[in-house]
Amino acid sequence: MPQPSQSSPADATRQAGAPTTANTSKARRSNARYQILGLLAVGTMINYLDRTVLGIAAPQLTKELGINAAMMGLLFSVFSWSYVASQIPGGLFLDRFGSKLTYFLSMTLWSLCTLAQGLVHGIAGLFVFRLGLGVSEAPCFPTNSRVVATWFPQSERAMATGTYTVGEYIGLAFFSPFLFMLMGAFGWRSLFYVVGGVGIVFGGIWWLMYREPRDHPSANQAELDYIEAGGGLTQRHGAAASAGTAPAKSGFEWRTIGRLLKHRQLTGICLGQFAGNSTLVFFLTWFPTYLATERHMGWLKIGFFAIMPFIAASVGVMFGGLFSDWLLRRGKSANVARKLPIIAGLLLASTIILANYVESNVAVIAILSVAFFAQGMAALGWTLVSDIAPEGLLGVTGGIFNFAANLAGIVTPLVVGFIVAATGSFVGALVFIGVVALIGALSYIFIVGDIKRIVLVH
């Protein structure tokens with residue numbers, strides 16, 4: 001049944017003698033968009049803790065449940081299969097129902113899947129809930145991109161993308177030691193209870209606090225004008241949902257996917273993001289094993305050294321976003337401001353190969369930290385999605401992009417594992433990671449072309 005339209009507090013204020021756009025240009029601009037950005041950053045941090053907590057629990061979990069290494073590898077990969085397969089459906093759901101509802105359902109469901117993993121007593125339960133985790137996390141990053149495109153002008157989108165993306169690395173770098181301590185004190189199941197419980201609570205916080213710009217009580221007209229002048233305020237579905245009205249249909253057809261992929265901008269950034277994610281996936285999966293088997297480090301030393309590259313990646317993410325927005329404010333074109341940090345990051349990430357040719361563990365960690373810092377710089381691809389997505393199709397465009405990017409979560413662990421099994425060494429594996437990074441840089445140089453919004457001609 002249609003609901004009567006309701007005015008938000010912000011709308012009431014504007015209607016009751018609110019100043020006009022001309023007058024508010026002199027008013028001090030509010031910063032409600034940074035509150036929204038804080039929500040995205042915390043949500044992204046929880047997202048990555050949920051998907052990686054199984055790796056922290058694995059040493060105790062495998063002993064208690066009697067799971068061998070081959071089966072554990074399959075359980076790790078199950079997440080990526082369902083996550084990748086759900087990207088386009090997740091994007092369609094986002095375009096249909098808007099940011100607020102999509103993120104709330106996604107966060108709550110993936111947190112329930114995480115918590116449920118602590119209750120299992122066999123492989124089947126883990127398999128099912130890892131599949132569920134991948135499906136329910138799928139809309140997260142397309143929603144992040146949509147929220148940034150709605151709430152931020154183009155000149156601040158790289159900064160915003162970098163800010164929420166850094167949550168991936170901060171959570172892993174700084175909370176992993178706490179989770180290891182928690183597991184030592186209360187067992188592996190406690191990890192899933194705590195991380196899953198935190199996500200459920202945050203899902204409620206998101207539902208209570210998230211608003212579209214025009215409905216946000218803290219966003220004044222000066223901030224709305226500023227956002228709109230920079231190309232924001234274009235996504236209306238979330239606002240419609242929050243007002244109780246049915247969102248407009250996106251007009252999506254399956255052939256739209258093929259039409260989008262014919263545009264070099266999307267094809268090129270998909271290839272580039274696959275390359276950047278390959279470096280990320282190496283650090284999320286094989287990095288501790290590399291230190292233990294190739295560098296013969298003890299576990300205490302691994303625990304100390306493993307934090308360093310993640311801290312470097314956090315700095316790289318923020319630096320890349322700030323540098324990109326700084327270039328844009330200095331009058332550089334979107335081609336230069338968006339592509340230069342990514343290309344430089346991918347080229348620098350390829351230096352991971354140099355770790356094959358040094359003996360010192362300190363030198364190895366330094367090289368790997370530089371490579372992961374560079375991968376962080378290259379993590380601006382979602383900003384380009386906001387810049388090129390056709391009007392009304394940001395969700396499905398983000399789904400296609402994330403589908404391609406997260407193929408790295410399937411391909412990279414398998415290729416690295418095959419190389420190590422065949423050669424008994426990580427030398428070829430690091431060469432593979434470095435070459436893929438170079439291919440990604442070449443994609444941005446020769447394929448992507450001009451950064452401009454795609455227009456689909458009917």
# chains A, B, ... in the order shown; residues from 1 in each chain; ligands from 1

$ residues_around --residues "Phe283 in chain A" --least-positions-apart "5" --cutoff "9 Å" --atoms "only C-alpha atoms" --output "NGL selection string"
:A and (278 or 288 or 309-310 or 372)

$ closest_atom_pairs --of "range 380-418 of chain A" --to "range 336-350 of chain A" --cutoff "10 Å" --atoms "only C-alpha atoms" --output "CSV"
residue,atom,partner,partner_atom,distance
A:Leu380,CA,A:Ile342,CA,6.7
A:Gly381,CA,A:Ile342,CA,7.9
A:Thr383,CA,A:Arg338,CA,7.9
A:Leu384,CA,A:Arg338,CA,7.2
A:Asp387,CA,A:Arg338,CA,9.7

$ atom_distance --atom1 "CA of Leu260 in chain A" --atom2 "CA of Leu393 in chain A"
9.9 Å

$ atom_distance --atom1 "CA of His263 in chain A" --atom2 "CA of Ser324 in chain A"
23.3 Å

$ atom_distance --atom1 "CA of Gly91 in chain A" --atom2 "CA of Gly399 in chain A"
4.9 Å

$ closest_atom_pairs --of "range 305-413 of chain A" --to "range 165-189 of chain A" --cutoff "6 Å" --atoms "only C-alpha atoms" --output "JSON lines"
{"residue": "A:Ile307", "atom": "CA", "partner": "A:Ala173", "partner_atom": "CA", "distance": 5.2}
{"residue": "A:Phe310", "atom": "CA", "partner": "A:Ala173", "partner_atom": "CA", "distance": 5.5}
{"residue": "A:Ser314", "atom": "CA", "partner": "A:Val166", "partner_atom": "CA", "distance": 5.1}
{"residue": "A:Val317", "atom": "CA", "partner": "A:Val166", "partner_atom": "CA", "distance": 5.9}

$ write_last_selection --atoms "C-alpha atoms" --output "short mmCIF file (atom, residue, chain, number, x, y, z; two decimals), in the first residue's frame"
data_model
loop_
_atom_site.label_atom_id
_atom_site.label_comp_id
_atom_site.auth_asym_id
_atom_site.auth_seq_id
_atom_site.Cartn_x
_atom_site.Cartn_y
_atom_site.Cartn_z
CA ILE A 307 51.82 -6.32 10.32
CA PHE A 310 49.39 -4.01 5.99
CA SER A 314 46.89 1.54 4.71
CA VAL A 317 45.40 3.79 0.15
#

$ residues_around --residues "range 40-44 of chain A" --least-positions-apart "3" --cutoff "12 Å" --atoms "only C-alpha atoms" --output "compact mmCIF listing (two decimals) with N, CA and C atoms, in the first residue's frame"
# COMPACT_ATOMS: atom_id res chain seq x y z
N ARG A 33 28.48 14.55 5.15
CA ARG A 33 29.03 13.49 4.30
C ARG A 33 30.15 12.73 5.00
N TYR A 34 30.86 13.37 5.92
CA TYR A 34 31.94 12.68 6.62
C TYR A 34 31.37 11.71 7.66
N GLN A 35 30.20 11.98 8.20
CA GLN A 35 29.55 11.01 9.07
C GLN A 35 29.22 9.74 8.28
N ILE A 36 28.71 9.93 7.07
CA ILE A 36 28.39 8.79 6.22
C ILE A 36 29.65 8.03 5.85
N LEU A 37 30.73 8.75 5.57
CA LEU A 37 31.99 8.11 5.23
C LEU A 37 32.51 7.27 6.40
N ASN A 47 33.66 -5.99 7.23
CA ASN A 47 33.54 -6.87 6.06
C ASN A 47 34.79 -7.73 5.89
N TYR A 48 35.96 -7.11 5.96
CA TYR A 48 37.20 -7.87 5.74
C TYR A 48 37.56 -8.75 6.93
N LEU A 49 37.21 -8.33 8.14
CA LEU A 49 37.44 -9.20 9.29
C LEU A 49 36.58 -10.47 9.16
N ASP A 50 35.34 -10.31 8.71
CA ASP A 50 34.46 -11.47 8.56
C ASP A 50 34.98 -12.46 7.53
N ARG A 51 35.51 -11.96 6.43
CA ARG A 51 35.94 -12.88 5.38
C ARG A 51 37.29 -13.53 5.68
N SER A 99 20.54 2.10 -1.36
CA SER A 99 21.72 1.86 -0.53
C SER A 99 21.38 1.45 0.90
N LYS A 100 20.41 2.11 1.50
CA LYS A 100 20.13 1.87 2.92
C LYS A 100 19.70 0.44 3.18
N TYR A 103 22.53 -2.33 2.12
CA TYR A 103 23.68 -2.47 3.03
C TYR A 103 23.24 -3.08 4.36
N PHE A 104 22.07 -2.70 4.84
CA PHE A 104 21.57 -3.26 6.10
C PHE A 104 21.40 -4.78 5.98
N SER A 106 22.73 -6.79 3.72
CA SER A 106 24.02 -7.41 3.46
C SER A 106 24.82 -7.59 4.75
N MET A 107 24.97 -6.52 5.52
CA MET A 107 25.73 -6.55 6.76
C MET A 107 25.15 -7.55 7.75
N THR A 108 23.83 -7.53 7.92
CA THR A 108 23.19 -8.39 8.91
C THR A 108 23.33 -9.86 8.52
N TRP A 110 25.57 -11.31 6.38
CA TRP A 110 26.93 -11.85 6.39
C TRP A 110 27.41 -12.03 7.84
N SER A 111 26.98 -11.16 8.75
CA SER A 111 27.38 -11.30 10.15
C SER A 111 26.74 -12.54 10.78
N GLU A 137 27.96 -10.82 1.26
CA GLU A 137 28.91 -9.71 1.19
C GLU A 137 28.97 -9.07 -0.20
N PRO A 139 27.00 -7.34 -2.25
CA PRO A 139 26.59 -5.95 -2.56
C PRO A 139 27.38 -4.87 -1.83
N CYS A 140 28.31 -5.24 -0.94
CA CYS A 140 28.94 -4.24 -0.08
C CYS A 140 29.68 -3.17 -0.87
N PHE A 141 30.62 -3.56 -1.73
CA PHE A 141 31.42 -2.56 -2.41
C PHE A 141 30.65 -1.79 -3.49
N PRO A 142 29.74 -2.43 -4.24
CA PRO A 142 28.90 -1.61 -5.11
C PRO A 142 28.09 -0.56 -4.32
N THR A 143 27.63 -0.93 -3.11
CA THR A 143 26.91 0.04 -2.29
C THR A 143 27.85 1.16 -1.84
N ASN A 144 29.06 0.80 -1.42
CA ASN A 144 30.05 1.82 -1.06
C ASN A 144 30.22 2.83 -2.18
N SER A 145 30.38 2.32 -3.39
CA SER A 145 30.61 3.19 -4.55
C SER A 145 29.39 4.07 -4.80
N ARG A 146 28.22 3.50 -4.66
CA ARG A 146 26.99 4.27 -4.89
C ARG A 146 26.85 5.39 -3.85
N VAL A 147 27.14 5.07 -2.59
CA VAL A 147 27.04 6.07 -1.53
C VAL A 147 28.04 7.21 -1.76
N VAL A 148 29.26 6.87 -2.16
CA VAL A 148 30.27 7.89 -2.44
C VAL A 148 29.82 8.77 -3.60
N TRP A 151 26.99 11.06 -2.20
CA TRP A 151 27.28 11.97 -1.11
C TRP A 151 28.47 12.90 -1.35
N MET A 159 39.41 10.62 -2.27
CA MET A 159 39.67 10.66 -0.83
C MET A 159 38.68 9.78 -0.09
N ALA A 160 37.40 9.88 -0.45
CA ALA A 160 36.37 9.09 0.22
C ALA A 160 36.59 7.60 -0.02
N THR A 161 36.90 7.23 -1.26
CA THR A 161 37.15 5.83 -1.58
C THR A 161 38.35 5.31 -0.81
N GLY A 162 39.41 6.12 -0.75
CA GLY A 162 40.59 5.72 -0.01
C GLY A 162 40.32 5.56 1.47
N THR A 163 39.46 6.41 2.02
CA THR A 163 39.16 6.37 3.45
C THR A 163 38.44 5.08 3.83
N TYR A 164 37.40 4.70 3.07
CA TYR A 164 36.71 3.48 3.45
C TYR A 164 37.52 2.24 3.07
N THR A 165 38.32 2.34 2.01
CA THR A 165 39.14 1.20 1.61
C THR A 165 40.21 0.89 2.64
N VAL A 166 40.73 1.92 3.29
CA VAL A 166 41.77 1.70 4.29
C VAL A 166 41.26 0.84 5.44
N GLY A 167 39.94 0.79 5.60
CA GLY A 167 39.36 -0.08 6.62
C GLY A 167 39.72 -1.54 6.41
N GLU A 168 39.89 -1.96 5.15
CA GLU A 168 40.29 -3.34 4.87
C GLU A 168 41.60 -3.67 5.58
N TYR A 169 42.56 -2.76 5.47
CA TYR A 169 43.91 -3.03 5.94
C TYR A 169 44.05 -2.76 7.44
N ILE A 170 43.36 -1.72 7.93
CA ILE A 170 43.46 -1.40 9.35
C ILE A 170 42.91 -2.54 10.19
N GLY A 171 41.79 -3.08 9.78
CA GLY A 171 41.21 -4.18 10.54
C GLY A 171 42.15 -5.37 10.62
N LEU A 172 42.76 -5.72 9.49
CA LEU A 172 43.65 -6.87 9.45
C LEU A 172 44.95 -6.61 10.19
N VAL A 195 33.18 -11.40 16.18
CA VAL A 195 33.17 -10.67 14.92
C VAL A 195 31.76 -10.63 14.33
N VAL A 198 29.52 -8.23 16.44
CA VAL A 198 29.81 -6.83 16.16
C VAL A 198 29.14 -6.39 14.86
N GLY A 199 29.18 -7.24 13.84
CA GLY A 199 28.56 -6.90 12.57
C GLY A 199 27.05 -6.75 12.67
N ILE A 200 26.40 -7.60 13.45
CA ILE A 200 24.95 -7.50 13.63
C ILE A 200 24.58 -6.18 14.30
N VAL A 201 25.34 -5.82 15.33
CA VAL A 201 25.09 -4.55 16.02
C VAL A 201 25.28 -3.38 15.07
N PHE A 202 26.36 -3.44 14.26
CA PHE A 202 26.62 -2.34 13.35
C PHE A 202 25.56 -2.24 12.26
N GLY A 203 24.99 -3.38 11.85
CA GLY A 203 23.90 -3.33 10.89
C GLY A 203 22.74 -2.48 11.40
N GLY A 204 22.42 -2.63 12.70
CA GLY A 204 21.38 -1.79 13.29
C GLY A 204 21.77 -0.32 13.32
N ILE A 205 23.05 -0.05 13.62
CA ILE A 205 23.53 1.34 13.63
C ILE A 205 23.40 1.96 12.24
N TRP A 206 23.77 1.20 11.21
CA TRP A 206 23.64 1.69 9.84
C TRP A 206 22.18 2.06 9.54
N MET A 209 21.22 5.31 11.26
CA MET A 209 21.99 6.53 10.98
C MET A 209 22.06 6.91 9.51
N TYR A 210 21.96 5.93 8.60
CA TYR A 210 22.15 6.29 7.19
C TYR A 210 20.93 7.01 6.63

$ residues_around --residues "Phe79 in chain A" --least-positions-apart "5" --cutoff "6 Å" --atoms "only C-alpha atoms" --output "list in words"
Arg130, Leu131 and Gly134 of chain A

$ closest_residue --among "A:Val358, A:Gly98, A:Phe192, A:Ile439" --to "Gly268 in chain A" --atoms "only C-alpha atoms"
A:Ile439

$ residues_around --residues "Ser425 in chain A" --least-positions-apart "6" --cutoff "10 Å" --atoms "only C-alpha atoms" --output "NGL selection string"
:A and (290 or 293-294 or 416 or 419)

$ closest_residue --among "A:Ala124, A:Cys113, A:Ala379, A:Leu354" --to "Phe319 in chain A" --atoms "only C-alpha atoms"
A:Ala379
